[in-house]
>>> print(open('run_39.pdb').read())   # PDB, C-alpha atoms
ATOM      1  CA  MET A   1     246.577  97.831  89.452
ATOM      2  CA  VAL A   2     246.912 100.322  92.297
ATOM      3  CA  VAL A   3     248.602 100.145  95.684
ATOM      4  CA  GLU A   4     247.260 102.219  98.582
ATOM      5  CA  ASN A   5     249.324 104.232 101.018
ATOM      6  CA  MET A   6     248.769 102.883 104.505
ATOM      7  CA  LEU A   7     248.513 104.302 108.002
ATOM      8  CA  GLY A   8     250.969 104.327 110.829
ATOM      9  CA  PRO A   9     253.333 106.870 112.356
ATOM     10  CA  SER A  10     255.834 104.106 113.191
ATOM     11  CA  LEU A  11     256.713 100.752 111.666
ATOM     12  CA  THR A  12     255.937  98.776 114.827
ATOM     13  CA  VAL A  13     253.432  99.269 117.626
ATOM     14  CA  ASN A  14     253.621  97.003 120.684
ATOM     15  CA  GLY A  15     255.900  94.645 118.758
ATOM     16  CA  ARG A  16     253.467  94.320 115.843
ATOM     17  CA  GLU A  17     254.610  95.387 112.379
ATOM     18  CA  ARG A  18     252.595  98.182 110.767
ATOM     19  CA  PRO A  19     251.984  98.615 107.031
ATOM     20  CA  LEU A  20     254.516 100.251 104.750
ATOM     21  CA  MET A  21     253.961 103.310 102.559
ATOM     22  CA  ARG A  22     253.287 105.553 105.551
ATOM     23  CA  THR A  23     255.273 108.492 104.170
ATOM     24  CA  VAL A  24     256.018 110.045 100.797
ATOM     25  CA  GLU A  25     259.583 108.759 101.037
ATOM     26  CA  GLU A  26     258.490 105.174 101.749
ATOM     27  CA  CYS A  27     256.019 105.285  98.872
ATOM     28  CA  LEU A  28     258.668 106.555  96.451
ATOM     29  CA  GLU A  29     261.164 103.915  97.567
ATOM     30  CA  ILE A  30     258.698 101.037  97.264
ATOM     31  CA  PHE A  31     257.363 102.223  93.897
ATOM     32  CA  GLN A  32     260.884 102.098  92.442
ATOM     33  CA  GLY A  33     260.489  98.320  92.361
ATOM     34  CA  PHE A  34     257.075  98.356  90.674
ATOM     35  CA  PRO A  35     256.345  98.407  86.944
ATOM     36  CA  LYS A  36     255.522 101.921  85.683
ATOM     37  CA  ASP A  37     251.884 100.996  85.049
ATOM     38  CA  VAL A  38     251.206 100.339  88.760
ATOM     39  CA  GLY A  39     249.320 103.324  90.142
ATOM     40  CA  LEU A  40     248.802 104.794  93.580
ATOM     41  CA  ALA A  41     245.544 104.965  95.529
ATOM     42  CA  VAL A  42     245.946 107.955  97.830
ATOM     43  CA  ASP A  43     244.016 107.610 101.061
ATOM     44  CA  PHE A  44     243.722 111.092 102.593
ATOM     45  CA  CYS A  45     243.157 109.633 106.055
ATOM     46  CA  HIS A  46     246.352 107.572 106.004
ATOM     47  CA  ILE A  47     248.867 110.391 105.685
ATOM     48  CA  ALA A  48     249.292 113.886 107.047
ATOM     49  CA  GLU A  49     249.335 116.504 104.272
ATOM     50  CA  PRO A  50     248.267 114.197 101.412
ATOM     51  CA  GLN A  51     248.936 116.968  98.883
ATOM     52  CA  HIS A  52     252.664 116.125  99.145
ATOM     53  CA  LEU A  53     252.003 112.504  98.185
ATOM     54  CA  LEU A  54     249.787 113.649  95.295
ATOM     55  CA  ALA A  55     252.518 115.983  94.030
ATOM     56  CA  ALA A  56     255.236 113.332  94.312
ATOM     57  CA  PHE A  57     253.279 110.783  92.264
ATOM     58  CA  GLY A  58     251.502 112.996  89.727
ATOM     59  CA  SER A  59     250.092 110.912  86.885
ATOM     60  CA  ARG A  60     250.605 107.685  88.849
ATOM     61  CA  VAL A  61     247.754 108.729  91.184
ATOM     62  CA  LYS A  62     244.823 106.657  89.906
ATOM     63  CA  THR A  63     242.204 106.872  92.659
ATOM     64  CA  LEU A  64     241.488 108.871  95.815
ATOM     65  CA  HIS A  65     239.995 107.744  99.103
ATOM     66  CA  VAL A  66     238.650 111.066 100.313
ATOM     67  CA  SER A  67     238.158 111.866 103.985
ATOM     68  CA  ASN A  68     239.539 114.224 106.581
ATOM     69  CA  GLY A  69     242.077 113.100 109.135
ATOM     70  CA  ASP A  70     245.540 113.773 110.467
ATOM     71  CA  GLY A  71     247.489 110.719 109.375
ATOM     72  CA  THR A  72     247.605 109.163 112.838
ATOM     73  CA  ALA A  73     244.364 107.154 113.072
ATOM     74  CA  GLU A  74     241.520 105.720 110.965
ATOM     75  CA  HIS A  75     239.203 108.670 111.622
ATOM     76  CA  HIS A  76     237.649 108.874 108.122
ATOM     77  CA  TYR A  77     235.930 112.129 109.007
ATOM     78  CA  LEU A  78     233.706 113.829 106.458
ATOM     79  CA  PRO A  79     236.039 116.256 104.618
ATOM     80  CA  CYS A  80     234.228 119.277 106.134
ATOM     81  CA  ASP A  81     234.667 117.941 109.663
ATOM     82  CA  ASN A  82     236.972 120.333 111.518
ATOM     83  CA  ARG A  83     238.489 117.516 113.579
ATOM     84  CA  GLY A  84     240.598 116.630 110.538
ATOM     85  CA  LYS A  85     243.638 118.636 109.511
ATOM     86  CA  ASN A  86     243.690 118.309 105.701
ATOM     87  CA  ASP A  87     244.359 121.547 103.808
ATOM     88  CA  TRP A  88     241.688 121.268 101.130
ATOM     89  CA  ASN A  89     242.783 124.349  99.190
ATOM     90  CA  SER A  90     246.256 122.848  98.839
ATOM     91  CA  ILE A  91     244.806 119.436  97.947
ATOM     92  CA  PHE A  92     242.587 120.905  95.218
ATOM     93  CA  ALA A  93     245.481 122.983  93.861
ATOM     94  CA  THR A  94     247.697 119.892  93.710
ATOM     95  CA  LEU A  95     244.986 117.825  92.013
ATOM     96  CA  GLU A  96     244.687 120.539  89.371
ATOM     97  CA  LYS A  97     248.471 120.759  88.990
ATOM     98  CA  ILE A  98     248.807 116.997  88.375
ATOM     99  CA  LYS A  99     245.720 117.113  86.108
ATOM    100  CA  TYR A 100     243.986 114.396  88.111
ATOM    101  CA  LYS A 101     240.930 112.986  86.320
ATOM    102  CA  GLY A 102     240.405 109.726  88.234
ATOM    103  CA  VAL A 103     238.055 108.385  90.861
ATOM    104  CA  TYR A 104     237.118 110.608  93.806
ATOM    105  CA  MET A 105     235.735 108.035  96.253
ATOM    106  CA  HIS A 106     234.512 109.339  99.585
ATOM    107  CA  GLU A 107     235.589 106.988 102.357
ATOM    108  CA  CYS A 108     234.100 108.804 105.302
ATOM    109  CA  LYS A 109     231.366 108.766 107.884
ATOM    110  CA  TYR A 110     228.101 110.487 106.964
ATOM    111  CA  ASN A 111     224.392 110.169 107.689
ATOM    112  CA  ASP A 112     223.019 111.057 104.260
ATOM    113  CA  GLU A 113     224.684 111.159 100.829
ATOM    114  CA  LYS A 114     223.618 114.790 100.466
ATOM    115  CA  GLU A 115     226.137 115.647 103.187
ATOM    116  CA  ILE A 116     228.924 114.544 100.848
ATOM    117  CA  VAL A 117     227.638 116.701  97.984
ATOM    118  CA  ASP A 118     227.137 119.741 100.237
ATOM    119  CA  CYS A 119     230.554 119.266 101.839
ATOM    120  CA  TYR A 120     232.325 118.966  98.486
ATOM    121  CA  GLN A 121     230.582 122.107  97.216
ATOM    122  CA  THR A 122     231.575 124.018 100.366
ATOM    123  CA  LEU A 123     235.220 122.990  99.994
ATOM    124  CA  TRP A 124     235.243 123.715  96.245
ATOM    125  CA  ASP A 125     233.669 127.143  96.765
ATOM    126  CA  ALA A 126     236.286 127.966  99.425
ATOM    127  CA  TYR A 127     239.039 126.879  97.036
ATOM    128  CA  GLN A 128     237.634 129.002  94.195
ATOM    129  CA  THR A 129     237.400 131.979  96.567
ATOM    130  CA  SER A 130     241.024 131.482  97.611
ATOM    131  CA  LEU A 131     242.073 131.606  93.934
ATOM    132  CA  THR A 132     240.184 134.868  93.450
ATOM    133  CA  ILE A 133     241.808 136.413  96.522
ATOM    134  CA  LYS A 134     245.302 135.427  95.293
ATOM    135  CA  LYS A 135     244.791 137.292  91.994
TER     136      LYS A 135
END
>>> encode(input="run_39.pdb", output="structure tokens")
Amino acid sequence: MVVENMLGPSLTVNGRERPLMRTVEECLEIFQGFPKDVGLAVDFCHIAEPQHLLAAFGSRVKTLHVSNGDGTAEHHYLPCDNRGKNDWNSIFATLEKIKYKGVYMHECKYNDEKEIVDCYQTLWDAYQTSLTIKK
């Protein structure tokens, strides 16, 4: 079983309650009450700087909902879309650090599946280049 982090910069909007697990701190607090075998589905569109959530949960991260965003709205941009603010080099580095081997589900807008493949390759190549530059 997995539980997904949800979107919302504040708990209520116009008197309506928003979902929980909007921040790393909320996720950690809520997960304290769950059995250890409950995993986290990290939705990159539902939180700013998702690499911090990935790092906090490590091996409990079981699936990814990959898109670009800023944590304030359901944009679900293609990861290469510059309207999003995700730091893909940091995300890839964190995924390697936590030894993530799970699902990498793209939950984004695209016209053709090839866009997803090309986008991923572009981001991966940029990450690999950044590692070379750091050496």
>>> closest_atom_pairs(input="run_39.pdb", of="segment 16-93 of chain A", to="segment 117-128 of chain A", cutoff="9 Å", atoms="only C-alpha atoms", output="CSV")
residue,atom,partner,partner_atom,distance
A:Leu78,CA,A:Cys119,CA,7.8
A:Pro79,CA,A:Cys119,CA,6.8
A:Cys80,CA,A:Cys119,CA,5.7
A:Asp81,CA,A:Cys119,CA,8.9
A:Trp88,CA,A:Leu123,CA,6.8
A:Asn89,CA,A:Tyr127,CA,5.0
A:Ser90,CA,A:Tyr127,CA,8.5
A:Phe92,CA,A:Tyr127,CA,7.2
A:Ala93,CA,A:Tyr127,CA,8.2
>>> residues_near_point(input="run_39.pdb", point="(241.4, 113.0, 103.0)", cutoff="10 Å", atoms="all atoms listed in the file", output="PyMOL selection string")
chain A and resi 42-51+64-71+75-79+84-88+91+106-108
>>> resolve_selection(input="run_39.pdb", expression="the PyMOL selection byres ((chain A and resi 5) around 8)", output="list of chain:residue names")
A:Val3, A:Glu4, A:Met6, A:Leu7, A:Leu20, A:Met21, A:Arg22, A:Thr23, A:Cys27, A:Leu40, A:Ala41, A:Val42, A:Asp43, A:His46, A:Ile47
>>> closest_residue(input="run_39.pdb", among="A:Ala73, A:Leu131, A:Val2, A:Thr94", to="Arg60 of chain A", atoms="all atoms listed in the file")
A:Val2
>>> axis_aligned_box(input="run_39.pdb", around="segment 89-99 of chain A", padding_each_side="8 Å", output="lines of an AutoDock Vina configuration file")
center_x = 245.7
center_y = 120.7
center_z = 92.6
size_x = 22.2
size_y = 23.4
size_z = 29.1
>>> atom_distance(input="run_39.pdb", atom1="atom CA of Tyr110 of chain A", atom2="atom CA of Thr72 of chain A")
20.4 Å
>>> atom_distance(input="run_39.pdb", atom1="atom CA of Ser59 of chain A", atom2="atom CA of Lys101 of chain A")
9.4 Å
>>> atom_distance(input="run_39.pdb", atom1="atom CA of Ala55 of chain A", atom2="atom CA of Asn82 of chain A")
23.8 Å
>>> residues_near_point(input="run_39.pdb", point="(254.2, 112.8, 90.5)", cutoff="12 Å", atoms="all atoms listed in the file", output="PyMOL selection string")
chain A and resi 24+27-28+31+36+39-40+51-62+94-95+97-100
>>> decode(input="run_39.pdb", residues="segment 14-126 of chain A", atoms="C-alpha atoms", output="PDB file, in the first residue's frame")
ATOM      1  CA  ASN A  14     -12.444  29.497   0.901  1.00  0.00           C
ATOM      2  CA  GLY A  15     -13.522  27.520   3.965  1.00  0.00           C
ATOM      3  CA  ARG A  16     -12.947  24.156   2.270  1.00  0.00           C
ATOM      4  CA  GLU A  17     -10.442  21.741   3.799  1.00  0.00           C
ATOM      5  CA  ARG A  18      -7.510  20.779   1.574  1.00  0.00           C
ATOM      6  CA  PRO A  19      -5.691  17.432   1.615  1.00  0.00           C
ATOM      7  CA  LEU A  20      -2.972  16.646   4.122  1.00  0.00           C
ATOM      8  CA  MET A  21       0.615  15.644   3.348  1.00  0.00           C
ATOM      9  CA  ARG A  22       1.360  18.955   1.638  1.00  0.00           C
ATOM     10  CA  THR A  23       4.829  19.301   3.166  1.00  0.00           C
ATOM     11  CA  VAL A  24       7.689  17.040   4.191  1.00  0.00           C
ATOM     12  CA  GLU A  25       6.871  17.725   7.836  1.00  0.00           C
ATOM     13  CA  GLU A  26       3.197  16.781   7.432  1.00  0.00           C
ATOM     14  CA  CYS A  27       4.147  13.598   5.598  1.00  0.00           C
ATOM     15  CA  LEU A  28       6.604  12.584   8.323  1.00  0.00           C
ATOM     16  CA  GLU A  29       4.073  13.285  11.071  1.00  0.00           C
ATOM     17  CA  ILE A  30       1.278  11.327   9.395  1.00  0.00           C
ATOM     18  CA  PHE A  31       3.542   8.392   8.509  1.00  0.00           C
ATOM     19  CA  GLN A  32       4.454   7.969  12.186  1.00  0.00           C
ATOM     20  CA  GLY A  33       1.011   6.429  12.644  1.00  0.00           C
ATOM     21  CA  PHE A  34       1.296   4.036   9.696  1.00  0.00           C
ATOM     22  CA  PRO A  35       2.753   0.526   9.705  1.00  0.00           C
ATOM     23  CA  LYS A  36       6.344   0.450   8.396  1.00  0.00           C
ATOM     24  CA  ASP A  37       5.306  -1.405   5.238  1.00  0.00           C
ATOM     25  CA  VAL A  38       3.132   1.500   4.017  1.00  0.00           C
ATOM     26  CA  GLY A  39       5.046   3.320   1.298  1.00  0.00           C
ATOM     27  CA  LEU A  40       4.930   6.792  -0.180  1.00  0.00           C
ATOM     28  CA  ALA A  41       3.893   7.743  -3.711  1.00  0.00           C
ATOM     29  CA  VAL A  42       5.729  10.988  -4.420  1.00  0.00           C
ATOM     30  CA  ASP A  43       3.874  13.248  -6.815  1.00  0.00           C
ATOM     31  CA  PHE A  44       6.378  15.799  -8.148  1.00  0.00           C
ATOM     32  CA  CYS A  45       3.591  18.222  -9.038  1.00  0.00           C
ATOM     33  CA  HIS A  46       2.142  18.271  -5.523  1.00  0.00           C
ATOM     34  CA  ILE A  47       5.141  19.662  -3.668  1.00  0.00           C
ATOM     35  CA  ALA A  48       7.815  22.255  -4.284  1.00  0.00           C
ATOM     36  CA  GLU A  49      11.311  20.728  -4.278  1.00  0.00           C
ATOM     37  CA  PRO A  50      10.237  17.056  -4.247  1.00  0.00           C
ATOM     38  CA  GLN A  51      13.851  15.969  -3.722  1.00  0.00           C
ATOM     39  CA  HIS A  52      13.447  16.877  -0.022  1.00  0.00           C
ATOM     40  CA  LEU A  53      10.468  14.537   0.318  1.00  0.00           C
ATOM     41  CA  LEU A  54      12.393  11.783  -1.494  1.00  0.00           C
ATOM     42  CA  ALA A  55      15.360  12.210   0.856  1.00  0.00           C
ATOM     43  CA  ALA A  56      13.182  12.217   3.978  1.00  0.00           C
ATOM     44  CA  PHE A  57      11.450   8.951   3.055  1.00  0.00           C
ATOM     45  CA  GLY A  58      14.256   7.014   1.362  1.00  0.00           C
ATOM     46  CA  SER A  59      13.334   3.348   1.014  1.00  0.00           C
ATOM     47  CA  ARG A  60       9.682   4.075   1.828  1.00  0.00           C
ATOM     48  CA  VAL A  61       9.332   5.793  -1.578  1.00  0.00           C
ATOM     49  CA  LYS A  62       7.601   3.133  -3.685  1.00  0.00           C
ATOM     50  CA  THR A  63       6.361   4.987  -6.768  1.00  0.00           C
ATOM     51  CA  LEU A  64       6.814   8.345  -8.496  1.00  0.00           C
ATOM     52  CA  HIS A  65       4.281  10.489 -10.314  1.00  0.00           C
ATOM     53  CA  VAL A  66       6.638  12.419 -12.556  1.00  0.00           C
ATOM     54  CA  SER A  67       5.824  15.864 -13.909  1.00  0.00           C
ATOM     55  CA  ASN A  68       7.090  19.401 -13.600  1.00  0.00           C
ATOM     56  CA  GLY A  69       5.360  21.947 -11.420  1.00  0.00           C
ATOM     57  CA  ASP A  70       5.866  24.290  -8.510  1.00  0.00           C
ATOM     58  CA  GLY A  71       3.781  22.721  -5.769  1.00  0.00           C
ATOM     59  CA  THR A  72       0.989  25.289  -5.988  1.00  0.00           C
ATOM     60  CA  ALA A  73      -1.331  23.923  -8.697  1.00  0.00           C
ATOM     61  CA  GLU A  74      -2.139  20.773 -10.700  1.00  0.00           C
ATOM     62  CA  HIS A  75      -0.018  21.819 -13.685  1.00  0.00           C
ATOM     63  CA  HIS A  76       1.381  18.353 -14.543  1.00  0.00           C
ATOM     64  CA  TYR A  77       3.762  19.869 -17.065  1.00  0.00           C
ATOM     65  CA  LEU A  78       6.052  17.618 -19.072  1.00  0.00           C
ATOM     66  CA  PRO A  79       9.285  17.460 -17.013  1.00  0.00           C
ATOM     67  CA  CYS A  80      11.188  19.433 -19.695  1.00  0.00           C
ATOM     68  CA  ASP A  81       8.611  22.223 -19.664  1.00  0.00           C
ATOM     69  CA  ASN A  82      10.322  25.352 -18.336  1.00  0.00           C
ATOM     70  CA  ARG A  83       7.127  26.577 -16.670  1.00  0.00           C
ATOM     71  CA  GLY A  84       7.811  24.090 -13.873  1.00  0.00           C
ATOM     72  CA  LYS A  85      10.424  24.692 -11.202  1.00  0.00           C
ATOM     73  CA  ASN A  86      11.667  21.178 -10.347  1.00  0.00           C
ATOM     74  CA  ASP A  87      15.450  20.829 -10.046  1.00  0.00           C
ATOM     75  CA  TRP A  88      15.941  17.631 -12.025  1.00  0.00           C
ATOM     76  CA  ASN A  89      19.652  17.295 -11.273  1.00  0.00           C
ATOM     77  CA  SER A  90      18.866  17.350  -7.556  1.00  0.00           C
ATOM     78  CA  ILE A  91      15.950  14.939  -8.030  1.00  0.00           C
ATOM     79  CA  PHE A  92      18.104  12.445  -9.947  1.00  0.00           C
ATOM     80  CA  ALA A  93      20.896  12.740  -7.367  1.00  0.00           C
ATOM     81  CA  THR A  94      18.431  12.070  -4.546  1.00  0.00           C
ATOM     82  CA  LEU A  95      16.901   9.094  -6.364  1.00  0.00           C
ATOM     83  CA  GLU A  96      20.388   7.632  -6.730  1.00  0.00           C
ATOM     84  CA  LYS A  97      21.214   8.363  -3.085  1.00  0.00           C
ATOM     85  CA  ILE A  98      18.092   6.542  -1.826  1.00  0.00           C
ATOM     86  CA  LYS A  99      18.724   3.746  -4.368  1.00  0.00           C
ATOM     87  CA  TYR A 100      15.238   4.102  -5.823  1.00  0.00           C
ATOM     88  CA  LYS A 101      14.297   1.189  -8.095  1.00  0.00           C
ATOM     89  CA  GLY A 102      10.505   1.587  -8.257  1.00  0.00           C
ATOM     90  CA  VAL A 103       7.938   2.836 -10.720  1.00  0.00           C
ATOM     91  CA  TYR A 104       8.652   6.028 -12.669  1.00  0.00           C
ATOM     92  CA  MET A 105       5.160   6.926 -13.904  1.00  0.00           C
ATOM     93  CA  HIS A 106       4.848  10.058 -16.000  1.00  0.00           C
ATOM     94  CA  GLU A 107       1.735  11.973 -14.992  1.00  0.00           C
ATOM     95  CA  CYS A 108       2.010  14.873 -17.379  1.00  0.00           C
ATOM     96  CA  LYS A 109       0.595  16.453 -20.485  1.00  0.00           C
ATOM     97  CA  TYR A 110       2.117  15.394 -23.806  1.00  0.00           C
ATOM     98  CA  ASN A 111       1.073  14.955 -27.426  1.00  0.00           C
ATOM     99  CA  ASP A 112       3.088  11.848 -28.271  1.00  0.00           C
ATOM    100  CA  GLU A 113       4.769   9.251 -26.039  1.00  0.00           C
ATOM    101  CA  LYS A 114       8.075   9.958 -27.779  1.00  0.00           C
ATOM    102  CA  GLU A 115       8.072  13.363 -26.079  1.00  0.00           C
ATOM    103  CA  ILE A 116       8.361  11.602 -22.722  1.00  0.00           C
ATOM    104  CA  VAL A 117      11.310   9.481 -23.870  1.00  0.00           C
ATOM    105  CA  ASP A 118      13.097  12.464 -25.444  1.00  0.00           C
ATOM    106  CA  CYS A 119      12.448  14.622 -22.380  1.00  0.00           C
ATOM    107  CA  TYR A 120      13.747  11.978 -19.974  1.00  0.00           C
ATOM    108  CA  GLN A 121      16.889  11.518 -22.080  1.00  0.00           C
ATOM    109  CA  THR A 122      17.478  15.288 -22.152  1.00  0.00           C
ATOM    110  CA  LEU A 123      17.151  15.540 -18.370  1.00  0.00           C
ATOM    111  CA  TRP A 124      19.320  12.452 -17.783  1.00  0.00           C
ATOM    112  CA  ASP A 125      22.023  13.743 -20.134  1.00  0.00           C
ATOM    113  CA  ALA A 126      22.026  17.107 -18.322  1.00  0.00           C
TER     114      ALA A 126
END
